[in-house]
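Data file: work.tsv. Format and content: TSV, C-alpha atoms.
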chain	number	residue	atom	x	y	z
A	1	MET	CA	2.81	2.70	-15.69
A	2	ALA	CA	5.32	1.81	-12.96
A	3	LEU	CA	5.16	5.28	-11.43
A	4	ASP	CA	7.55	4.11	-8.71
A	5	SER	CA	10.37	4.41	-11.27
A	6	TYR	CA	9.87	8.19	-11.25
A	7	ARG	CA	10.54	8.55	-7.51
A	8	SER	CA	13.88	10.23	-8.14
A	9	LYS	CA	12.20	12.93	-10.24
A	10	ALA	CA	9.66	13.84	-7.55
A	11	GLY	CA	12.20	15.76	-5.46
A	12	PRO	CA	11.17	19.34	-6.38
A	13	ALA	CA	7.48	18.63	-5.72
A	14	LEU	CA	8.23	16.89	-2.43
A	15	GLU	CA	10.47	19.79	-1.42
A	16	ARG	CA	7.57	22.21	-1.69
A	17	LEU	CA	4.99	19.88	-0.16
A	18	SER	CA	7.19	18.88	2.77
A	19	LYS	CA	7.68	22.38	4.23
A	20	PRO	CA	4.55	22.35	6.45
A	21	PHE	CA	5.43	18.85	7.69
A	22	MET	CA	9.06	19.36	8.65
A	23	LYS	CA	8.12	19.97	12.28
A	24	PHE	CA	6.52	16.53	12.56
A	25	ASN	CA	8.19	13.24	13.36
A	26	PRO	CA	8.29	11.13	10.16
A	27	ASN	CA	6.97	8.11	12.06
A	28	SER	CA	3.85	10.07	13.00
A	29	LEU	CA	3.31	10.80	9.29
A	30	THR	CA	3.54	7.06	8.59
A	31	ILE	CA	0.98	6.19	11.25
A	32	ASN	CA	-1.42	8.96	10.22
A	33	SER	CA	-1.13	7.85	6.60
A	34	PHE	CA	-2.36	4.41	7.69
A	35	ILE	CA	-5.20	5.87	9.76
A	36	LEU	CA	-6.42	7.89	6.78
A	37	ALA	CA	-6.24	4.79	4.57
A	38	LEU	CA	-8.25	2.85	7.16
A	39	ILE	CA	-10.98	5.51	7.28
A	40	ALA	CA	-11.01	5.64	3.47
A	41	ALA	CA	-11.56	1.87	3.45
A	42	VAL	CA	-14.58	2.26	5.73
A	43	PHE	CA	-16.16	4.81	3.38
A	44	LEU	CA	-15.42	2.55	0.42
A	45	GLY	CA	-17.12	-0.36	2.14
A	46	ILE	CA	-20.29	1.43	3.29
A	47	SER	CA	-20.90	3.98	0.50
A	48	GLY	CA	-23.88	2.95	-1.57
A	49	ARG	CA	-24.77	0.27	0.98
A	50	TYR	CA	-25.39	2.11	4.25
A	51	ILE	CA	-24.80	5.70	3.19
A	52	PRO	CA	-25.23	7.47	-0.18
A	53	SER	CA	-22.66	6.52	-2.81
A	54	TYR	CA	-21.49	10.13	-3.17
A	55	TYR	CA	-19.59	9.60	0.10
A	56	LEU	CA	-17.02	7.95	-2.16
A	57	ILE	CA	-15.79	11.53	-2.59
A	58	LEU	CA	-14.56	11.37	1.01
A	59	ALA	CA	-12.78	8.09	0.28
A	60	PHE	CA	-11.10	9.76	-2.70
A	61	ILE	CA	-9.89	12.70	-0.59
A	62	LEU	CA	-8.66	10.44	2.22
A	63	ILE	CA	-6.69	8.24	-0.19
A	64	VAL	CA	-5.04	11.36	-1.67
A	65	LEU	CA	-4.10	12.61	1.81
A	66	SER	CA	-2.88	9.17	2.90
A	67	SER	CA	-0.74	8.90	-0.24
A	68	LEU	CA	0.70	12.36	0.37
A	69	LEU	CA	1.78	11.52	3.92
A	70	ASP	CA	3.19	8.19	2.74
A	71	ALA	CA	5.30	10.00	0.14
A	72	LEU	CA	6.49	12.57	2.67
A	73	ASP	CA	7.46	10.42	5.66
A	74	GLY	CA	10.68	9.10	4.15
A	75	TYR	CA	11.50	12.41	2.49
A	76	VAL	CA	11.11	14.32	5.77
A	77	ALA	CA	13.26	11.73	7.57
A	78	ARG	CA	16.06	12.15	5.03
A	79	LYS	CA	15.87	15.94	5.08
A	80	LYS	CA	16.07	15.96	8.88
A	81	ASN	CA	18.84	13.34	8.76
A	82	ILE	CA	16.95	10.99	11.07
A	83	SER	CA	16.37	8.06	8.71
A	84	SER	CA	16.50	4.75	10.57
A	85	LYS	CA	15.81	1.04	10.14
A	86	TYR	CA	13.07	1.47	12.74
A	87	GLY	CA	11.32	4.05	10.55
A	88	ASP	CA	11.85	1.96	7.42
A	89	MET	CA	10.28	-1.07	9.12
A	90	LEU	CA	7.38	1.03	10.32
A	91	ASP	CA	6.85	2.48	6.85
A	92	HIS	CA	6.86	-0.87	5.02
A	93	THR	CA	4.61	-2.51	7.60
A	94	PHE	CA	1.97	0.21	7.60
A	95	ASP	CA	2.11	0.39	3.80
A	96	ARG	CA	1.03	-3.25	3.72
A	97	TYR	CA	-1.69	-2.66	6.29
A	98	SER	CA	-2.90	0.28	4.21
A	99	ASP	CA	-2.96	-1.96	1.13
A	100	ILE	CA	-5.04	-4.53	3.01
A	101	ALA	CA	-7.45	-1.89	4.31
A	102	MET	CA	-8.09	-0.16	1.00
A	103	ILE	CA	-8.39	-3.28	-1.15
A	104	THR	CA	-10.69	-4.78	1.49
A	105	GLY	CA	-12.79	-1.61	1.29
A	106	PHE	CA	-13.12	-1.95	-2.48
A	107	THR	CA	-13.80	-5.69	-2.12
A	108	PHE	CA	-16.66	-5.34	0.39
A	109	SER	CA	-18.13	-2.33	-1.38
A	110	ILE	CA	-21.53	-2.81	-3.00
A	111	PHE	CA	-19.59	-2.23	-6.22
A	112	GLY	CA	-16.97	-4.89	-5.41
A	113	ASN	CA	-16.72	-8.68	-5.32
A	114	LEU	CA	-15.36	-10.83	-2.50
A	115	TYR	CA	-13.72	-13.53	-4.63
A	116	ILE	CA	-12.07	-11.12	-7.03
A	117	GLY	CA	-10.88	-9.04	-4.09
A	118	MET	CA	-9.15	-12.07	-2.55
A	119	LEU	CA	-7.32	-12.69	-5.82
A	120	ALA	CA	-6.34	-9.02	-6.02
A	121	LEU	CA	-4.88	-9.10	-2.51
A	122	GLY	CA	-2.70	-12.05	-3.50
A	123	GLY	CA	-1.36	-10.24	-6.54
A	124	VAL	CA	-0.63	-7.09	-4.59
A	125	PHE	CA	1.13	-8.91	-1.77
A	126	MET	CA	3.33	-10.96	-4.07
A	127	THR	CA	4.31	-7.77	-5.88
A	128	SER	CA	5.35	-6.11	-2.63
A	129	TYR	CA	7.07	-9.24	-1.30
A	130	LEU	CA	9.24	-9.74	-4.38
A	131	GLY	CA	10.22	-6.07	-4.31
A	132	THR	CA	11.43	-6.16	-0.70
A	133	GLN	CA	12.96	-9.65	-0.96
A	134	ALA	CA	15.57	-8.30	-3.35
A	135	GLN	CA	16.46	-5.70	-0.72
A	136	ALA	CA	16.63	-8.40	1.96
A	137	LEU	CA	19.21	-10.23	-0.18
A	138	GLY	CA	21.47	-7.19	-0.19
A	139	MET	CA	20.39	-5.61	-3.48
A	140	LYS	CA	18.41	-2.47	-4.20
A	141	ARG	CA	14.67	-2.71	-3.71
A	142	ASN	CA	13.03	-3.80	-6.93
A	143	TYR	CA	10.41	-1.30	-8.12
A	144	GLY	CA	10.13	-2.81	-11.60
A	145	GLY	CA	7.02	-4.08	-13.33
A	146	ILE	CA	3.75	-2.58	-14.46
A	147	LEU	CA	2.05	-2.37	-11.07
A	148	GLY	CA	3.91	-0.59	-8.29
A	149	ARG	CA	2.23	0.94	-5.22
A	150	ALA	CA	2.00	4.39	-6.78
A	151	ASP	CA	0.28	2.87	-9.81
A	152	ARG	CA	-2.25	1.13	-7.58
A	153	LEU	CA	-3.10	4.33	-5.74
A	154	VAL	CA	-3.66	6.25	-8.96
A	155	ILE	CA	-5.83	3.45	-10.38
A	156	MET	CA	-7.89	3.40	-7.16
A	157	LEU	CA	-8.57	7.11	-7.52
A	158	VAL	CA	-9.52	6.69	-11.17
A	159	ALA	CA	-11.93	3.83	-10.29
A	160	ILE	CA	-13.65	6.03	-7.70
A	161	VAL	CA	-13.99	8.92	-10.16
A	162	VAL	CA	-15.45	6.65	-12.85
A	163	GLU	CA	-17.91	5.20	-10.34
A	164	LEU	CA	-19.00	8.69	-9.30
A	165	ILE	CA	-19.42	9.91	-12.89
A	166	TYR	CA	-21.14	6.75	-14.14
A	167	PRO	CA	-22.98	5.41	-11.09
A	168	PHE	CA	-23.34	1.66	-11.04
A	169	HIS	CA	-26.79	0.27	-10.26
A	170	TYR	CA	-26.87	-3.12	-8.56
A	171	THR	CA	-27.65	-5.94	-10.99
A	172	ILE	CA	-26.61	-9.54	-11.51
A	173	TYR	CA	-23.75	-8.14	-13.61
A	174	ILE	CA	-21.96	-6.82	-10.52
A	175	ILE	CA	-18.64	-8.05	-11.94
A	176	LEU	CA	-18.81	-5.28	-14.53
A	177	THR	CA	-18.14	-2.30	-12.26
A	178	PRO	CA	-15.16	0.05	-12.13
A	179	PHE	CA	-14.20	-1.48	-8.78
A	180	THR	CA	-14.27	-5.11	-9.91
A	181	ILE	CA	-12.49	-4.29	-13.15
A	182	MET	CA	-9.80	-2.59	-11.07
A	183	LEU	CA	-9.52	-5.61	-8.77
A	184	ILE	CA	-9.21	-7.98	-11.75
A	185	PHE	CA	-6.41	-5.79	-13.09
A	186	PHE	CA	-4.66	-5.83	-9.69
A	187	PHE	CA	-4.84	-9.63	-9.73
A	188	ILE	CA	-3.44	-10.07	-13.24
A	189	ALA	CA	-0.93	-7.21	-13.24
A	190	GLY	CA	0.11	-7.98	-9.66
A	191	TYR	CA	1.19	-11.51	-10.43
A	192	ALA	CA	2.77	-10.41	-13.73
A	193	THR	CA	4.80	-7.82	-11.83
A	194	SER	CA	5.83	-10.33	-9.16
A	195	VAL	CA	7.05	-12.76	-11.82
A	196	GLU	CA	9.04	-9.98	-13.50
A	197	ARG	CA	10.62	-8.95	-10.20
A	198	PHE	CA	11.37	-12.57	-9.34
A	199	ALA	CA	13.12	-13.14	-12.66
A	200	LYS	CA	15.15	-9.94	-12.39
A	201	THR	CA	16.30	-10.77	-8.87
A	202	LEU	CA	17.43	-14.23	-9.96
A	203	ARG	CA	19.39	-12.71	-12.87
A	204	ASP	CA	21.02	-10.18	-10.57
A	205	LEU	CA	21.98	-12.91	-8.11
A	206	LYS	CA	23.78	-14.80	-10.87
A	207	ASP	CA	25.84	-11.77	-11.96
Would you mind writing the file out in structure tokens?
Amino acid sequence: MALDSYRSKAGPALERLSKPFMKFNPNSLTINSFILALIAAVFLGISGRYIPSYYLILAFILIVLSSLLDALDGYVARKKNISSKYGDMLDHTFDRYSDIAMITGFTFSIFGNLYIGMLALGGVFMTSYLGTQAQALGMKRNYGGILGRADRLVIMLVAIVVELIYPFHYTIYIILTPFTIMLIFFFIAGYATSVERFAKTLRDLKD
């Protein structure tokens, strides 16, 4: 996995996708990406509980659109030569809020689990923290490990698709759903990734 390591190879695709968005302020793309993630989280949380589970399709679409805007905000800023620390701060902050929103949506879904979701949030946040801490110490941001943000987004989409194809029916075995399996993976892989990033940063600091 670690799709973040392929960022440099995404240029041609982003070039084509960015054309309709060049007239927008990159910061507005960042904010709208978060809003879409927040709405997706709502659909994740209520689908199958208060509305039919097939509304997960809307969550899927919203996550795709949110991810697209998140990928384009920085690219548009660089192309327009208006990159700034303000925009970078905005991007990183709303990325974390988006992470909270979406994982919370999966956690409180009828197909999720509160306790596993709390563990997953810890793994995800430590992964992100160790990545940006390297940057704060004057090095390049660390995107290493098996669970970057791009990986998480793809896995979320896969979990939704699996749930839609093989609908889960509520039983005492709620832990065995695509959503809870995904959250368990986020917990384990998240902490494994954070440890890897921590170790690499310490090695780099010694060099």
Got a sec: who's within 9 Å of Leu56 (chain A), counting all atoms listed in the file, leaving out chain neighbours fewer than 5 positions off, as a ChimeraX atom specification? /A:40,43-44,47-48,61,160-161,163-164
When distances are computed from only C-alpha atoms, which of A:Ala192, A:Met182, A:Ile39, A:Ile46 shows the smallest separation from Met102 (chain A)? A:Ile39
What's the 8 Å shell around region 27-38 of chain A, counting all atoms listed in the file, without same-chain residues fewer than 3 positions away, as a list in words? Phe24, Ala41, Val42, Leu62, Ile63, Leu65, Ser66, Ser67, Leu68, Leu69, Asp70, Leu72, Asp73, Gly87, Leu90, Asp91, Phe94, Asp95, Tyr97, Ser98, Ala101 and Met102 of chain A
Nearest to Leu17 (chain A), chosen from A:Leu137, A:Phe187, A:Ala71, A:Gly145, with all atoms listed in the file counted in the distances: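 Distance minimum relative to Leu17 (chain A) lands on A:Ala71.
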I want to know what sits within 10 Å of region 118-134 of chain A, based on only C-alpha atoms, with residues of the same chain fewer than 3 positions away left out; could you give that as a ChimeraX atom specification? /A:92,95-96,99-100,103-104,107,113-115,137-145,147-149,152,180,182-202,204-205
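The space between CA of Ser18 (chain A) and CA of Ala159 (chain A) spans 27.6 Å.
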Which residue out of A:Tyr50, A:Phe111, A:Tyr55, A:Phe21 has the minimum interatomic distance to Tyr75 (chain A) when all atoms listed in the file are used?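 For Tyr75 (chain A), the nearest of the candidates is A:Phe21.
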Separation of CA of Lys23 (chain A) from CA of Leu157 (chain A), in Å and rounded to one decimal: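 According to the coordinates, CA of Lys23 (chain A) and CA of Leu157 (chain A) are separated by 28.9 Å.
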Atomic distance CA of Met22 (chain A) - CA of Val76 (chain A), expressed in Å with one decimal: 6.2 Å
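Proximity ranking of A:Ile57, A:Tyr86, A:Glu15, A:Pro20 relative to Ile165 (chain A) places A:Ile57 first, based on all atoms listed in the file.
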Could you tell me which of A:Ile51, A:Pro178, A:Val64, A:Phe106 comes closest to Val154 (chain A) if we count all atoms listed in the file? A:Val64
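If you measure from each of A:Ala136, A:Leu14, A:Ile181, A:Leu176 to Arg78 (chain A) using all atoms listed in the file, the closest one turns out to be A:Leu14.
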